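Chemist: Here it is, the structure, as structure tokens.
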Amino acid sequence: MITLPGPSRAARVLARGLLVGLLTAAFLAPFYLMLRNALMDSQGLTAPEWTWWPSTMHFENFTALFDDPAVSMGPALGNSLLIAAVTAPVSTLLASAAGYALARIPVPGRNVVLALVVATLMIPGSVTFVPTFVVVGSMGGVNTLWGIIAPGLFNPFAVLLFRNFYLQFPSEIEDAGRLDGLGWLGLYRRIALPSSGAMLASLGALCFIDSWNSFLWPLVIGQDPSAWTAQIALSTFLTSQTINLPGLFAGAVVTITPLVVMFLVAQRYIVEGIATSGLKG
């Protein structure tokens, strides 16, 4: 039997490098196109010939973005930042407390509550959209930021992740806490919660990104321009009456920057949190 020699180590390294380079280029291509288009004028964007980079960079597209009286981009960015900054930590802490209760506290009906939490993941959002709007609207939540924030504070997926995490938490540490006189609340606040930093950071970052990118619910609740978020303000650049492509791409660059920064800061915690959540493959 003849054994053919395998590829050399240099060939394998070269193949890996090419694969990583191709994947990196595919990942960065949308960001390149977004920045390129944001620095061009309308004529350059609609020209039939392709240009890799504008010969004259129009940085005034970014200043015009905030000077446009028809689109309050500055307040919209502030609204998005406030909504995401409130939703991410509050929903994460609520999910952490609920997950710990479902994993550790032996109360009657715990499995029923867990089944209800799982059931909420199986219900399409379109089914609960209208009832949620009716409830929030009847409470005066239309055109208010709290009306946008409140429905997003419960995250059943995060509850399940925290439950799986706390199921793996060493019970010996809690036994030592009970000897010191701690109850369930004390065990959670002083032992379990400080030990779940990676989960808190990873899910908090994911909740921030999800809240920042939310469009349909803020569009329905925030009907007044004073309650618009950044995503709604962006949608006004492309309507059936007007098309402002440079403004649209400039706004996209501005609104995506916080998410890129968030991902770069929290990517290690996102990977670590998911790896320790009990959902490993």
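By convention in this document, the chains of the structure tokens carry letters A, B, ... by their order, each chain's residues are numbered from 1, and ligands are numbered from 1 in the order they are shown.
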Show which residues sit within 9 Å of range 178-189 of chain A, as a compact mmCIF listing (two decimals) with N, CA, C and O atoms, in the first residue's frame. Count only C-alpha atoms, and ignore same-chain residues fewer than 2 positions away.

Modeler:
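Once everything was written out, this is part_7.txt:
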```txt
# COMPACT_ATOMS: atom_id res chain seq x y z
N ALA A 97 -31.55 37.09 38.61
CA ALA A 97 -32.30 36.74 39.82
C ALA A 97 -33.30 35.62 39.54
O ALA A 97 -33.44 34.68 40.33
N TYR A 100 -31.44 32.30 39.07
CA TYR A 100 -30.97 31.74 40.34
C TYR A 100 -32.12 31.12 41.11
O TYR A 100 -31.97 30.04 41.69
N ALA A 101 -33.27 31.79 41.13
CA ALA A 101 -34.43 31.24 41.84
C ALA A 101 -34.86 29.91 41.24
O ALA A 101 -35.18 28.95 41.96
N ARG A 104 -31.99 27.23 42.16
CA ARG A 104 -31.54 26.92 43.51
C ARG A 104 -32.65 26.85 44.56
O ARG A 104 -32.59 26.04 45.47
N ILE A 105 -33.66 27.69 44.45
CA ILE A 105 -34.65 27.79 45.53
C ILE A 105 -35.73 26.72 45.32
O ILE A 105 -36.47 26.75 44.33
N ILE A 173 -19.97 26.14 48.09
CA ILE A 173 -19.78 27.55 48.40
C ILE A 173 -21.02 28.11 49.08
O ILE A 173 -20.93 28.87 50.06
N GLU A 174 -22.20 27.70 48.61
CA GLU A 174 -23.43 28.16 49.24
C GLU A 174 -23.58 27.57 50.63
O GLU A 174 -24.11 28.23 51.54
N ASP A 175 -23.15 26.33 50.83
CA ASP A 175 -23.22 25.73 52.17
C ASP A 175 -22.38 26.52 53.16
O ASP A 175 -22.79 26.72 54.32
N ALA A 176 -21.23 26.99 52.71
CA ALA A 176 -20.40 27.82 53.58
C ALA A 176 -21.10 29.14 53.90
O ALA A 176 -21.01 29.66 55.03
N ILE A 191 -22.71 35.92 46.95
CA ILE A 191 -21.91 34.81 46.43
C ILE A 191 -22.20 34.56 44.96
O ILE A 191 -21.30 34.59 44.12
N ALA A 192 -23.46 34.28 44.62
CA ALA A 192 -23.79 33.88 43.25
C ALA A 192 -23.62 35.02 42.25
O ALA A 192 -23.01 34.85 41.19
N LEU A 193 -24.17 36.19 42.60
CA LEU A 193 -24.11 37.31 41.65
C LEU A 193 -22.68 37.77 41.37
O LEU A 193 -22.31 37.95 40.20
N PRO A 194 -21.82 37.95 42.38
CA PRO A 194 -20.44 38.35 42.07
C PRO A 194 -19.66 37.30 41.28
O PRO A 194 -18.69 37.64 40.59
```

Chemist: Which neighbours of Gly141 in chain A fall inside 12 Å, counting only C-alpha atoms, when residues of the same chain fewer than 6 positions from it are skipped, and could you give them as number ranges by chain?

Modeler: A: 132-135, 147-151, 217-218, 220-223, 227

Chemist: Write the residues of the selection above to a file with C-alpha atoms, as a PDB file, in the first residue's frame.

Modeler:
```
ATOM      1  CA  THR A 132     -48.587  44.487  24.377  1.00  0.00           C
ATOM      2  CA  PHE A 133     -49.355  47.711  22.532  1.00  0.00           C
ATOM      3  CA  VAL A 134     -52.871  47.780  23.994  1.00  0.00           C
ATOM      4  CA  VAL A 135     -51.554  47.319  27.526  1.00  0.00           C
ATOM      5  CA  GLY A 147     -43.202  52.617  26.982  1.00  0.00           C
ATOM      6  CA  ILE A 148     -40.353  51.525  24.715  1.00  0.00           C
ATOM      7  CA  ILE A 149     -38.262  50.150  27.579  1.00  0.00           C
ATOM      8  CA  ALA A 150     -40.775  48.243  29.701  1.00  0.00           C
ATOM      9  CA  PRO A 151     -41.682  45.330  27.354  1.00  0.00           C
ATOM     10  CA  TRP A 217     -41.624  48.414  18.649  1.00  0.00           C
ATOM     11  CA  PRO A 218     -40.023  51.890  18.994  1.00  0.00           C
ATOM     12  CA  VAL A 220     -45.094  51.975  16.867  1.00  0.00           C
ATOM     13  CA  ILE A 221     -44.764  53.420  20.375  1.00  0.00           C
ATOM     14  CA  GLY A 222     -42.576  56.442  19.566  1.00  0.00           C
ATOM     15  CA  GLN A 223     -44.909  58.145  17.118  1.00  0.00           C
ATOM     16  CA  ALA A 227     -39.460  59.758  21.119  1.00  0.00           C
TER      17      ALA A 227
END
```

Chemist: Can you work out the spacing between CA of Leu35 in chain A and CA of Pro225 in chain A in Å, to one decimal?

Modeler: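 One can read the CA of Leu35 in chain A to CA of Pro225 in chain A distance as 26.7 Å.
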
Chemist: Run DSSP on the backbone and give me the residues of range 17-196 of chain A it puts in helix (DSSP H, G or I), as a ChimeraX atom specification.

Modeler: /A:17-38,42-46,60-67,73-104,110-122,125-138,145-152,156-167,171-179,184-192,194-196

Chemist: Can you tell me which residues surround range 80-89 of chain A at a distance of at most 7 Å, considering only C-alpha atoms, apart from same-chain residues fewer than 3 positions away, and format the answer as a compact mmCIF listing (two decimals) with N, CA, C and O atoms, in the first residue's frame?

Modeler:
```
# COMPACT_ATOMS: atom_id res chain seq x y z
N ALA A 76 -32.30 61.55 18.78
CA ALA A 76 -32.62 60.14 18.54
C ALA A 76 -31.49 59.24 19.04
O ALA A 76 -31.75 58.18 19.64
N LEU A 77 -30.24 59.65 18.82
CA LEU A 77 -29.11 58.87 19.35
C LEU A 77 -29.13 58.86 20.87
O LEU A 77 -28.84 57.84 21.51
N THR A 92 -30.79 42.20 32.45
CA THR A 92 -29.80 41.20 32.82
C THR A 92 -29.88 40.85 34.29
O THR A 92 -29.81 39.67 34.68
N LEU A 93 -30.03 41.84 35.16
CA LEU A 93 -30.16 41.56 36.59
C LEU A 93 -31.44 40.81 36.91
O LEU A 93 -31.45 39.90 37.75
N ILE A 149 -39.16 50.96 26.76
CA ILE A 149 -38.26 50.15 27.58
C ILE A 149 -38.97 48.98 28.24
O ILE A 149 -38.47 47.85 28.25
N GLY A 152 -39.27 45.23 27.05
CA GLY A 152 -38.02 44.53 26.80
C GLY A 152 -37.24 44.15 28.05
O GLY A 152 -36.12 43.64 27.94
N LEU A 153 -37.82 44.38 29.22
CA LEU A 153 -37.10 44.11 30.45
C LEU A 153 -37.11 42.63 30.83
O LEU A 153 -36.30 42.20 31.65
N GLY A 204 -25.34 41.21 29.09
CA GLY A 204 -25.59 42.65 29.09
C GLY A 204 -25.22 43.28 27.76
O GLY A 204 -25.95 44.13 27.24
N CYS A 207 -27.83 42.21 25.18
CA CYS A 207 -29.08 42.95 25.39
C CYS A 207 -28.94 44.39 24.92
O CYS A 207 -29.89 44.98 24.37
N PHE A 208 -27.77 44.99 25.15
CA PHE A 208 -27.54 46.36 24.68
C PHE A 208 -27.63 46.43 23.16
O PHE A 208 -28.28 47.32 22.60
N SER A 211 -31.29 45.90 22.03
CA SER A 211 -32.10 47.08 22.30
C SER A 211 -31.75 48.22 21.35
O SER A 211 -32.64 48.93 20.86
N TRP A 212 -30.48 48.39 21.06
CA TRP A 212 -30.05 49.47 20.16
C TRP A 212 -30.59 49.26 18.74
O TRP A 212 -30.97 50.21 18.06
N THR A 229 -36.01 56.82 18.04
CA THR A 229 -34.68 56.26 18.28
C THR A 229 -33.83 56.45 17.02
O THR A 229 -34.31 56.91 15.99
N ALA A 230 -32.57 56.07 17.11
CA ALA A 230 -31.66 56.26 15.98
C ALA A 230 -32.10 55.46 14.77
O ALA A 230 -31.96 55.93 13.62
```

Chemist: I need the residue nearest Met73 in chain A from this list: A:Met262, A:Asp224, A:Ile243, A:Ala233. Use only C-alpha atoms for the distance.

Modeler: A:Ala233

Chemist: Skip Val113 in chain A itself and residues of its chain fewer than 4 positions away, then list as a list in words all residues within 12 Å of it, counting only C-alpha atoms.

Modeler: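 In the requested format, the answer is Ala98, Gly99, Ala101, Leu102, Ala103, Val107, Pro108, Gly109, Val117, Val118, Ala119, Thr120, Pro156, Val159 and Leu160 of chain A.
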
Chemist: Print the selection's residues with all heavy atoms to a file, as a PDB file, in the first residue's frame.

Modeler:
```pdb
ATOM      1  N   ALA A  98     -34.005  35.697  38.416  1.00  0.00           N
ATOM      2  CA  ALA A  98     -34.976  34.660  38.069  1.00  0.00           C
ATOM      3  C   ALA A  98     -34.286  33.325  37.812  1.00  0.00           C
ATOM      4  O   ALA A  98     -34.769  32.264  38.238  1.00  0.00           O
ATOM      5  CB  ALA A  98     -35.788  35.089  36.847  1.00  0.00           C
ATOM      6  N   GLY A  99     -33.152  33.358  37.106  1.00  0.00           N
ATOM      7  CA  GLY A  99     -32.418  32.129  36.846  1.00  0.00           C
ATOM      8  C   GLY A  99     -31.910  31.481  38.116  1.00  0.00           C
ATOM      9  O   GLY A  99     -31.941  30.249  38.262  1.00  0.00           O
ATOM     10  N   ALA A 101     -33.272  31.789  41.129  1.00  0.00           N
ATOM     11  CA  ALA A 101     -34.428  31.237  41.843  1.00  0.00           C
ATOM     12  C   ALA A 101     -34.865  29.908  41.235  1.00  0.00           C
ATOM     13  O   ALA A 101     -35.178  28.949  41.959  1.00  0.00           O
ATOM     14  CB  ALA A 101     -35.574  32.237  41.824  1.00  0.00           C
ATOM     15  N   LEU A 102     -34.891  29.831  39.906  1.00  0.00           N
ATOM     16  CA  LEU A 102     -35.309  28.587  39.258  1.00  0.00           C
ATOM     17  C   LEU A 102     -34.291  27.470  39.434  1.00  0.00           C
ATOM     18  O   LEU A 102     -34.648  26.291  39.404  1.00  0.00           O
ATOM     19  CB  LEU A 102     -35.549  28.841  37.763  1.00  0.00           C
ATOM     20  CG  LEU A 102     -36.747  29.725  37.411  1.00  0.00           C
ATOM     21  CD1 LEU A 102     -36.766  30.019  35.918  1.00  0.00           C
ATOM     22  CD2 LEU A 102     -38.051  29.059  37.832  1.00  0.00           C
ATOM     23  N   ALA A 103     -33.043  27.810  39.619  1.00  0.00           N
ATOM     24  CA  ALA A 103     -32.000  26.794  39.735  1.00  0.00           C
ATOM     25  C   ALA A 103     -31.787  26.334  41.167  1.00  0.00           C
ATOM     26  O   ALA A 103     -31.450  25.161  41.402  1.00  0.00           O
ATOM     27  CB  ALA A 103     -30.683  27.333  39.174  1.00  0.00           C
ATOM     28  N   VAL A 107     -38.950  25.769  45.686  1.00  0.00           N
ATOM     29  CA  VAL A 107     -40.301  26.205  46.014  1.00  0.00           C
ATOM     30  C   VAL A 107     -41.296  25.400  45.178  1.00  0.00           C
ATOM     31  O   VAL A 107     -40.975  24.959  44.075  1.00  0.00           O
ATOM     32  CB  VAL A 107     -40.469  27.716  45.744  1.00  0.00           C
ATOM     33  CG1 VAL A 107     -39.580  28.521  46.673  1.00  0.00           C
ATOM     34  CG2 VAL A 107     -40.163  28.048  44.290  1.00  0.00           C
ATOM     35  N   PRO A 108     -42.513  25.190  45.687  1.00  0.00           N
ATOM     36  CA  PRO A 108     -43.522  24.468  44.897  1.00  0.00           C
ATOM     37  C   PRO A 108     -43.867  25.235  43.616  1.00  0.00           C
ATOM     38  O   PRO A 108     -43.973  26.454  43.615  1.00  0.00           O
ATOM     39  CB  PRO A 108     -44.733  24.413  45.842  1.00  0.00           C
ATOM     40  CG  PRO A 108     -44.173  24.601  47.215  1.00  0.00           C
ATOM     41  CD  PRO A 108     -42.991  25.501  47.052  1.00  0.00           C
ATOM     42  N   GLY A 109     -44.023  24.495  42.548  1.00  0.00           N
ATOM     43  CA  GLY A 109     -44.379  25.103  41.273  1.00  0.00           C
ATOM     44  C   GLY A 109     -43.203  25.652  40.495  1.00  0.00           C
ATOM     45  O   GLY A 109     -43.412  26.338  39.479  1.00  0.00           O
ATOM     46  N   VAL A 117     -41.724  29.882  31.233  1.00  0.00           N
ATOM     47  CA  VAL A 117     -40.638  30.676  30.658  1.00  0.00           C
ATOM     48  C   VAL A 117     -40.218  30.099  29.306  1.00  0.00           C
ATOM     49  O   VAL A 117     -40.019  30.839  28.329  1.00  0.00           O
ATOM     50  CB  VAL A 117     -39.441  30.742  31.624  1.00  0.00           C
ATOM     51  CG1 VAL A 117     -38.240  31.402  30.958  1.00  0.00           C
ATOM     52  CG2 VAL A 117     -39.821  31.506  32.883  1.00  0.00           C
ATOM     53  N   VAL A 118     -40.102  28.772  29.242  1.00  0.00           N
ATOM     54  CA  VAL A 118     -39.737  28.129  27.979  1.00  0.00           C
ATOM     55  C   VAL A 118     -40.833  28.352  26.936  1.00  0.00           C
ATOM     56  O   VAL A 118     -40.553  28.567  25.749  1.00  0.00           O
ATOM     57  CB  VAL A 118     -39.479  26.631  28.194  1.00  0.00           C
ATOM     58  CG1 VAL A 118     -39.231  25.925  26.861  1.00  0.00           C
ATOM     59  CG2 VAL A 118     -38.292  26.428  29.132  1.00  0.00           C
ATOM     60  N   ALA A 119     -42.087  28.323  27.380  1.00  0.00           N
ATOM     61  CA  ALA A 119     -43.202  28.497  26.449  1.00  0.00           C
ATOM     62  C   ALA A 119     -43.191  29.876  25.802  1.00  0.00           C
ATOM     63  O   ALA A 119     -43.593  30.031  24.645  1.00  0.00           O
ATOM     64  CB  ALA A 119     -44.528  28.262  27.162  1.00  0.00           C
ATOM     65  N   THR A 120     -42.734  30.883  26.548  1.00  0.00           N
ATOM     66  CA  THR A 120     -42.689  32.229  25.962  1.00  0.00           C
ATOM     67  C   THR A 120     -41.720  32.304  24.790  1.00  0.00           C
ATOM     68  O   THR A 120     -41.885  33.157  23.904  1.00  0.00           O
ATOM     69  CB  THR A 120     -42.291  33.262  27.017  1.00  0.00           C
ATOM     70  OG1 THR A 120     -40.990  32.931  27.549  1.00  0.00           O
ATOM     71  CG2 THR A 120     -43.291  33.302  28.159  1.00  0.00           C
ATOM     72  N   PRO A 156     -36.609  35.930  28.451  1.00  0.00           N
ATOM     73  CA  PRO A 156     -36.665  34.517  28.853  1.00  0.00           C
ATOM     74  C   PRO A 156     -35.430  33.723  28.447  1.00  0.00           C
ATOM     75  O   PRO A 156     -35.027  32.801  29.167  1.00  0.00           O
ATOM     76  CB  PRO A 156     -37.926  34.002  28.145  1.00  0.00           C
ATOM     77  CG  PRO A 156     -38.169  34.961  27.026  1.00  0.00           C
ATOM     78  CD  PRO A 156     -37.681  36.290  27.518  1.00  0.00           C
ATOM     79  N   VAL A 159     -32.908  34.220  31.054  1.00  0.00           N
ATOM     80  CA  VAL A 159     -33.284  33.483  32.261  1.00  0.00           C
ATOM     81  C   VAL A 159     -32.807  32.041  32.171  1.00  0.00           C
ATOM     82  O   VAL A 159     -32.250  31.487  33.133  1.00  0.00           O
ATOM     83  CB  VAL A 159     -34.806  33.548  32.475  1.00  0.00           C
ATOM     84  CG1 VAL A 159     -35.229  32.623  33.614  1.00  0.00           C
ATOM     85  CG2 VAL A 159     -35.245  34.975  32.791  1.00  0.00           C
ATOM     86  N   LEU A 160     -33.012  31.418  31.029  1.00  0.00           N
ATOM     87  CA  LEU A 160     -32.585  30.029  30.857  1.00  0.00           C
ATOM     88  C   LEU A 160     -31.066  29.905  30.897  1.00  0.00           C
ATOM     89  O   LEU A 160     -30.523  28.941  31.467  1.00  0.00           O
ATOM     90  CB  LEU A 160     -33.123  29.481  29.540  1.00  0.00           C
ATOM     91  CG  LEU A 160     -34.641  29.321  29.447  1.00  0.00           C
ATOM     92  CD1 LEU A 160     -35.032  28.783  28.077  1.00  0.00           C
ATOM     93  CD2 LEU A 160     -35.155  28.402  30.538  1.00  0.00           C
TER      94      LEU A 160
END
```

Chemist: Have a look at A:Leu219, A:Gln231, A:Phe162, A:Ser91 and name the one nearest to Ala205 in chain A; count only C-alpha atoms.

Modeler: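 Checking each candidate against Ala205 in chain A, we get A:Ser91 as the closest.
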
Chemist: Of the candidates A:Val20, A:Ile123, A:Leu245, A:Leu167, which shows the shortest atom-to-atom distance to Gly44 in chain A, using only C-alpha atoms?

Modeler: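 Ranking A:Val20, A:Ile123, A:Leu245, A:Leu167 by distance to Gly44 in chain A, first place goes to A:Leu245.
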
Chemist: Using only C-alpha atoms, can you tell me which of A:Leu14, A:Leu206, A:Val265, A:Ala38 comes closest to Pro54 in chain A?

Modeler: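 Using only C-alpha atoms, the shortest distance to Pro54 in chain A belongs to A:Ala38.
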
Chemist: Between CA of Ala252 in chain A and CA of Leu234 in chain A, what is the distance, to one decimal in Å?

Modeler: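 For CA of Ala252 in chain A relative to CA of Leu234 in chain A, the distance reads 7.2 Å.
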
Chemist: I want to know what sits within 12 Å of Gly251 in chain A, based on only C-alpha atoms, with residues of the same chain fewer than 2 positions away left out; could you give that as a PyMOL selection string?

Modeler: chain A and resi 34-35+37-39+61-66+68+71-74+76-77+230-238+244-249+253-257

Chemist: So the first atom is CA of Gly177 in chain A and the second is CA of Leu161 in chain A; what is the distance between them in Å, to one decimal place?

Modeler: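 One can read the CA of Gly177 in chain A to CA of Leu161 in chain A distance as 23.7 Å.
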